[in-house]
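Student: Here you go, this is coords-v4.txt (compact mmCIF, C-alpha atoms).
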# COMPACT_ATOMS: atom_id res chain seq x y z
CA MET A 26 -1.81 21.22 -37.95
CA GLY A 27 1.49 20.98 -39.86
CA LYS A 28 3.27 17.68 -40.45
CA ASN A 29 6.06 18.48 -37.95
CA GLU A 30 3.61 19.59 -35.30
CA LEU A 31 1.62 16.38 -35.79
CA LEU A 32 4.82 14.33 -35.58
CA VAL A 33 5.77 15.95 -32.26
CA ASP A 34 2.29 15.44 -30.85
CA LEU A 35 2.18 11.79 -31.89
CA LEU A 36 5.71 11.19 -30.62
CA ASN A 37 4.86 12.68 -27.23
CA ALA A 38 1.68 10.63 -27.00
CA TRP A 39 3.52 7.41 -27.91
CA GLU A 40 6.37 8.13 -25.50
CA GLU A 41 3.96 8.84 -22.70
CA THR A 42 2.46 5.38 -23.10
CA TYR A 43 5.81 3.71 -23.83
CA LYS A 44 7.45 5.10 -20.70
CA LYS A 45 4.85 3.67 -18.39
CA GLY A 46 6.50 0.70 -16.79
CA GLN A 47 9.95 1.70 -18.05
CA LEU A 48 10.93 3.26 -14.74
CA THR A 49 11.30 -0.20 -13.24
CA PHE A 50 13.76 -1.18 -15.95
CA TRP A 51 15.83 1.96 -15.40
CA ILE A 52 15.83 1.54 -11.63
CA PHE A 53 17.00 -2.05 -12.02
CA LEU A 54 19.69 -0.96 -14.48
CA SER A 55 20.94 1.69 -12.09
CA LEU A 56 21.18 -0.88 -9.30
CA LYS A 57 22.93 -3.37 -11.56
CA ASP A 58 25.52 -0.62 -11.94
CA GLY A 59 26.08 -0.76 -8.16
CA LYS A 60 24.52 0.08 -4.80
CA LYS A 61 22.92 3.49 -4.80
CA TYR A 62 20.83 5.77 -2.63
CA VAL A 63 17.71 7.38 -4.02
CA GLU A 64 19.27 10.58 -5.33
CA GLU A 65 21.96 8.56 -7.13
CA ILE A 66 19.32 6.33 -8.70
CA LYS A 67 17.42 9.43 -9.82
CA ASN A 68 20.55 10.96 -11.36
CA PHE A 69 21.49 7.70 -13.08
CA VAL A 70 18.04 7.30 -14.62
CA GLU A 71 17.88 10.87 -15.86
CA GLU A 72 21.43 11.00 -17.18
CA GLU A 73 21.59 7.59 -18.81
CA SER A 74 18.20 8.00 -20.46
CA ASN A 75 19.32 11.35 -21.90
CA GLN A 76 16.66 13.06 -19.77
CA THR A 77 13.88 11.17 -21.57
CA MET A 78 13.02 9.56 -18.24
CA THR A 79 12.42 11.78 -15.24
CA CYS A 80 11.31 10.67 -11.82
CA GLU A 81 10.42 12.23 -8.52
CA SER A 82 12.20 11.01 -5.38
CA GLN A 83 8.83 10.24 -3.79
CA SER A 84 7.91 8.02 -6.72
CA LEU A 85 11.27 6.25 -6.44
CA TYR A 86 10.82 5.63 -2.72
CA ARG A 87 7.35 4.21 -3.35
CA ASN A 88 8.65 1.88 -6.05
CA LEU A 89 11.64 0.79 -3.99
CA ARG A 90 9.38 -0.04 -1.03
CA LYS A 91 7.29 -2.27 -3.29
CA PHE A 92 10.38 -3.92 -4.80
CA GLN A 93 11.81 -4.53 -1.37
CA HIS A 94 8.51 -6.01 -0.20
CA VAL A 95 8.42 -8.53 -3.05
CA GLY A 96 12.09 -9.34 -2.49
CA VAL A 97 13.80 -8.06 -5.62
CA VAL A 98 15.54 -5.13 -3.95
CA ASP A 99 17.02 -4.65 -0.53
CA PHE A 100 19.00 -1.93 1.20
CA GLU A 101 21.71 -1.42 3.73
CA ALA A 102 22.39 1.64 5.81
CA GLY A 103 25.41 3.67 4.82
CA GLU A 104 26.96 6.93 5.85
CA GLY A 105 25.24 10.09 4.66
CA ASN A 106 26.96 13.27 3.57
CA LYS A 107 27.21 15.03 6.98
CA GLY A 108 23.61 14.00 7.58
CA PRO A 109 21.70 10.96 8.77
CA GLU A 110 22.45 7.49 7.44
CA ARG A 111 21.33 6.76 3.89
CA LYS A 112 19.67 3.67 2.53
CA TYR A 113 21.84 2.13 -0.16
CA TYR A 114 19.68 -0.03 -2.39
CA PHE A 115 20.86 -3.07 -4.29
CA LEU A 116 19.39 -5.91 -6.36
CA THR A 117 18.94 -9.19 -4.54
CA ASP A 118 19.69 -12.51 -6.28
CA LEU A 119 16.02 -12.68 -7.21
CA GLY A 120 16.18 -9.14 -8.56
CA ASN A 121 19.25 -9.93 -10.68
CA SER A 122 17.58 -13.05 -12.07
CA LEU A 123 14.43 -11.07 -12.81
CA LEU A 124 16.35 -8.37 -14.68
CA ASP A 125 18.31 -10.99 -16.66
CA SER A 126 15.14 -12.85 -17.64
CA PHE A 127 13.32 -9.66 -18.55
CA THR A 128 16.26 -8.42 -20.62
CA ARG A 129 16.63 -11.73 -22.45
CA ARG A 130 12.95 -11.85 -23.34
CA ASN A 131 12.25 -8.21 -24.08
CA ILE A 132 15.44 -6.29 -24.81
CA HIS A 133 17.79 -8.71 -26.57
CA LEU A 134 15.41 -9.12 -29.46
CA PHE A 135 16.28 -5.58 -30.52
CA PHE A 136 19.85 -6.81 -31.13
CA ASN A 137 18.61 -9.36 -33.65
CA GLU A 138 20.26 -8.67 -37.04
CA LYS A 139 16.97 -8.38 -38.89
CA ILE A 140 15.56 -5.92 -36.37
CA LYS A 141 18.79 -3.93 -36.37
CA GLN A 142 18.67 -3.68 -40.16
CA LEU A 143 15.06 -2.59 -40.05
CA LEU A 144 15.82 0.08 -37.46
CA ASN A 145 18.73 1.39 -39.54
CA LYS A 146 16.91 1.16 -42.87
CA GLU A 147 16.69 4.48 -44.73
CA GLU A 148 13.28 5.31 -46.19
CA MET B 3 5.15 -10.01 5.18
CA LYS B 4 4.38 -6.60 6.57
CA HIS B 5 0.77 -7.06 7.62
CA LEU B 6 1.06 -5.18 10.88
CA THR B 7 2.11 -1.82 9.49
CA ARG B 8 2.81 1.39 11.40
CA ASN B 9 -0.44 2.92 10.11
CA LEU B 10 -2.47 -0.10 11.19
CA ILE B 11 -0.97 0.14 14.68
CA ASN B 12 -1.75 3.88 14.81
CA PHE B 13 -5.29 3.15 13.66
CA ALA B 14 -5.61 0.49 16.39
CA ILE B 15 -4.47 2.95 19.07
CA TYR B 16 -6.88 5.70 17.94
CA PHE B 17 -9.69 3.16 17.56
CA SER B 18 -9.10 1.74 21.05
CA VAL B 19 -9.15 5.18 22.66
CA GLY B 20 -12.29 6.10 20.69
CA THR B 21 -14.01 2.87 21.67
CA ILE B 22 -13.22 3.28 25.37
CA VAL B 23 -14.60 6.83 25.26
CA PHE B 24 -17.64 5.57 23.33
CA ARG B 25 -18.21 2.72 25.79
CA TYR B 26 -17.98 5.08 28.73
CA GLY B 27 -20.30 7.60 27.08
CA LEU B 28 -22.79 4.92 26.10
CA SER B 29 -23.02 3.19 29.47
CA HIS B 30 -23.02 6.49 31.36
CA SER B 31 -25.74 8.00 29.14
CA LEU B 32 -27.92 4.90 29.41
CA ASP B 33 -27.61 4.80 33.17
CA SER B 34 -28.50 8.49 33.30
CA ARG B 35 -31.42 7.81 30.93
CA LEU B 36 -30.08 10.38 28.45
CA PHE B 37 -31.32 8.44 25.46
CA LEU B 38 -30.98 11.24 22.93
CA GLN B 39 -27.33 11.56 23.95
CA VAL B 40 -26.87 7.87 23.13
CA TYR B 41 -27.77 8.56 19.49
CA VAL B 42 -25.45 11.54 19.34
CA ILE B 43 -22.57 9.51 20.81
CA ALA B 44 -23.18 6.67 18.35
CA VAL B 45 -23.20 9.03 15.36
CA VAL B 46 -20.01 10.78 16.55
CA TYR B 47 -18.39 7.39 17.12
CA PHE B 48 -19.33 6.29 13.59
CA PHE B 49 -17.86 9.40 11.96
CA TYR B 50 -14.77 9.25 14.17
CA ASN B 51 -14.07 5.66 13.09
CA PHE B 52 -14.83 6.43 9.48
CA GLY B 53 -12.37 9.34 9.66
CA ILE B 54 -9.48 7.46 11.26
CA GLY B 55 -10.07 4.45 8.99
CA TRP B 56 -9.99 6.68 5.95
CA TYR B 57 -6.92 8.61 7.10
CA PHE B 58 -4.73 5.71 8.20
CA GLY B 59 -5.98 3.40 5.45
CA LYS B 60 -5.04 5.96 2.79
CA LYS B 61 -1.64 6.56 4.36
CA ASP B 62 -1.05 2.83 4.60
CA TYR B 63 -1.86 2.33 0.92
CA GLU B 64 0.41 5.17 -0.10
CA LEU B 65 3.27 3.68 1.90
CA LEU B 66 2.85 0.16 0.54
CA PRO B 67 -0.13 -0.76 -1.65
CA LEU B 68 -1.07 -4.03 0.05
CA TYR B 69 -4.22 -5.21 -1.70
CA ASP B 70 -6.27 -6.69 1.13
CA ILE B 71 -9.68 -5.11 0.41
CA GLY B 72 -9.61 -3.59 3.89
CA PHE B 73 -9.46 -6.93 5.70
CA ARG B 74 -6.57 -6.11 8.07
CA PHE B 75 -8.30 -2.94 9.30
CA HIS B 76 -11.61 -4.80 9.61
CA LEU B 77 -9.98 -7.60 11.61
CA ALA B 78 -8.28 -5.10 13.93
CA THR B 79 -11.60 -3.28 14.43
CA PHE B 80 -13.41 -6.53 15.21
CA LEU B 81 -10.82 -7.78 17.69
CA LEU B 82 -10.42 -4.47 19.51
CA TYR B 83 -14.10 -3.55 19.68
CA ASN B 84 -15.15 -6.93 21.02
CA SER B 85 -12.20 -7.22 23.42
CA ILE B 86 -12.97 -3.79 24.88
CA THR B 87 -16.67 -4.66 25.12
CA GLU B 88 -15.89 -7.96 26.85
CA ALA B 89 -13.53 -6.19 29.26
CA TRP B 90 -16.26 -3.59 29.90
CA ASN B 91 -18.60 -6.40 30.83
CA TYR B 92 -15.97 -8.27 32.90
CA PHE B 93 -15.27 -5.22 35.05
CA GLY B 94 -19.00 -4.57 35.50
CA PHE B 95 -19.10 -1.26 33.61
CA LEU B 96 -22.13 -2.13 31.45
CA SER B 97 -25.23 -0.09 32.14
CA GLN B 98 -28.41 -1.70 33.43
CA PHE B 99 -29.88 -1.35 29.91
CA GLU B 100 -27.09 -3.32 28.25
CA SER B 101 -26.67 -7.06 28.29
CA ALA B 102 -23.54 -9.10 27.75
CA LYS B 103 -25.64 -11.57 25.76
CA THR B 104 -26.61 -8.92 23.19
CA ASN B 105 -22.99 -7.90 22.82
CA ARG B 106 -22.01 -11.52 22.17
CA TYR B 107 -24.75 -11.83 19.55
CA ILE B 108 -23.33 -8.75 17.86
CA ALA B 109 -19.84 -10.31 17.97
CA PHE B 110 -21.20 -13.57 16.55
CA PHE B 111 -23.01 -12.04 13.58
CA TRP B 112 -20.18 -9.61 12.97
CA GLY B 113 -17.83 -12.64 13.05
CA ILE B 114 -19.85 -14.31 10.29
CA PHE B 115 -19.59 -11.15 8.22
CA LEU B 116 -15.85 -11.02 8.96
CA LEU B 117 -15.50 -14.62 7.80
CA PHE B 118 -17.09 -13.71 4.46
CA HIS B 119 -14.72 -10.77 4.22
CA PHE B 120 -11.83 -13.16 4.93
CA LEU B 121 -12.93 -15.51 2.13
CA LEU B 122 -13.21 -12.56 -0.23
CA TYR B 123 -9.75 -11.46 0.89
CA LEU B 124 -8.31 -14.92 0.15
CA TYR B 125 -9.94 -14.84 -3.27
CA SER B 126 -8.58 -11.36 -4.03
CA ARG B 127 -5.05 -12.53 -3.18
CA LYS B 128 -5.02 -14.64 -6.34
CA ASN B 129 -4.12 -11.50 -8.29
CA THR B 130 -1.36 -10.46 -5.94
CA ILE B 131 2.28 -11.25 -5.27
CA LYS B 132 3.13 -11.00 -1.59
CA GLY B 133 -0.02 -8.94 -1.08
CA ILE B 134 0.60 -6.37 -3.83
CA ASN B 135 -1.61 -6.38 -6.89
CA LYS B 136 0.37 -7.80 -9.84
CA SER B 137 -0.58 -4.85 -12.02
CA GLU B 138 0.75 -2.38 -9.45
CA ILE B 139 4.18 -3.83 -8.67
CA PHE B 140 5.98 -2.54 -11.73
CA GLU B 141 3.77 0.38 -12.76
What does this structure look like when you write it as C-alpha cells?
Tutor:
Amino acid sequence: MGKNELLVDLLNAWEETYKKGQLTFWIFLSLKDGKKYVEEIKNFVEEESNQTMTCESQSLYRNLRKFQHVGVVDFEAGEGNKGPERKYYFLTDLGNSLLDSFTRRNIHLFFNEKIKQLLNKEE
Amino acid sequence: MKHLTRNLINFAIYFSVGTIVFRYGLSHSLDSRLFLQVYVIAVVYFFYNFGIGWYFGKKDYELLPLYDIGFRFHLATFLLYNSITEAWNYFGFLSQFESAKTNRYIAFFWGIFLLFHFLLYLYSRKNTIKGINKSEIFE
C-alpha cells in the first residue's frame, strides 16, 4: 500500500468515527440559522459542510423526533409547496442554550491562539 | 411524555381482539370437551401475541426510542388480559372447567412479576433523559 493510499484509508477511517455525533451539531447549526423543514435542513448540512456530511431524510426525522421529545427542538406547521403543510423546525430556548454551552466548551477552544498556530504550522 | 404512543394503542387493539377470540375459543373448547383444541388455541394465541408485540414494539422503537425495557407493553398486556378475563367471568362466559379464583391467582402472581418489571424499569430510567437512553439522544 502506497503512502497516499494509506493516508486516504486512514483519513476515511478517522472521519467515519469523527462524524458520528456531528450530525446533531449540524442540525442545530442549521436551525440556529432559522426555521427550516427537513429538506432545507438536509441541504444546509450538506452544503455548509462542503458535502463532508450527508444525511438521509429518514435519519433527520428520527433525530428531530428525539430532539423534540427531550425539548430542544419544536416545530410549527407552515405552508407546503402546493402540497400538504410542512413542519418547520426551530430550536427552543433550551435548544439554544444547549448549543451555546456545547459550542463554548467544545468548539471555541479551536479558536485559541495556540491551537490556531498549531493548526497552521507548516511541517 | 409520550408514553401512550400510536403503536402501543394499535398493539392494545390487536391484543384485545386476540384475547376475546382466545377467551371465546378456550371456554367454548372446554365446554365441548375438545381438550386438544385448547392446546392448539393456546399455542396460536402465544405466537399471535409474540408477533404483534414484536411488530408494534419494533415500530414504536423506530419512531421514538423510548427505553422502557418493554414495561409499557407489558403493563398494557396485563391490564387488558385481566380486564377481559374479569369481564368474561362477570358476564358468565367462563366454561364449567374454569374458575374465577384461578384467574385471580394468575393475575396476582403476574402482578408480582409486573411489579418487579416496574422496579427494573425505574432502575433503567437512571440512564435516560425523558425516557430516551442518554447514549442514543445525540447519536
Student: Enumerate as a VMD selection string the residues belonging to chain B that approach chain A to within 8 Å, with all atoms listed in the file taken into account.
Tutor: chain B and resid 3 to 4 64 to 67 131 to 132 134 139 to 141
Student: Save the residues we just selected, C-alpha atoms, as a compact mmCIF listing (two decimals), in the frame of the given file?
Tutor:
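Saved to out-v8.txt:
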# COMPACT_ATOMS: atom_id res chain seq x y z
CA MET B 3 5.15 -10.01 5.18
CA LYS B 4 4.38 -6.60 6.57
CA GLU B 64 0.41 5.17 -0.10
CA LEU B 65 3.27 3.68 1.90
CA LEU B 66 2.85 0.16 0.54
CA PRO B 67 -0.13 -0.76 -1.65
CA ILE B 131 2.28 -11.25 -5.27
CA LYS B 132 3.13 -11.00 -1.59
CA ILE B 134 0.60 -6.37 -3.83
CA ILE B 139 4.18 -3.83 -8.67
CA PHE B 140 5.98 -2.54 -11.73
CA GLU B 141 3.77 0.38 -12.76
Student: From the set A:Val33, A:Leu85, A:Val70, A:Leu56, which residue has the shortest atom-to-atom contact distance to Val97 of chain A, counting only C-alpha atoms?
Tutor: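 Using only C-alpha atoms, the shortest distance to Val97 of chain A belongs to A:Leu56.
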Student: So which one's closest to Leu28 of chain B, B:Thr104, B:Arg74, B:Asn129, B:Val46? Using all atoms listed in the file, please.
Tutor: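 Smallest separation from Leu28 of chain B among the options: B:Val46.
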Student: State, in Å with one decimal place, the distance from atom CA of Leu38 of chain B to atom CA of Leu96 of chain B.
Tutor: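 Interatomic distance here is 18.2 Å.
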Student: So how many Å separate atom CA of Lys61 of chain A and atom CA of Ser126 of chain A, to one decimal?
Tutor: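 Between atom CA of Lys61 of chain A and atom CA of Ser126 of chain A the gap works out to 22.2 Å.
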Student: One decimal, in Å: what's the spacing between atom CA of Trp56 of chain B and atom CA of Trp90 of chain B?
Tutor: 26.8 Å
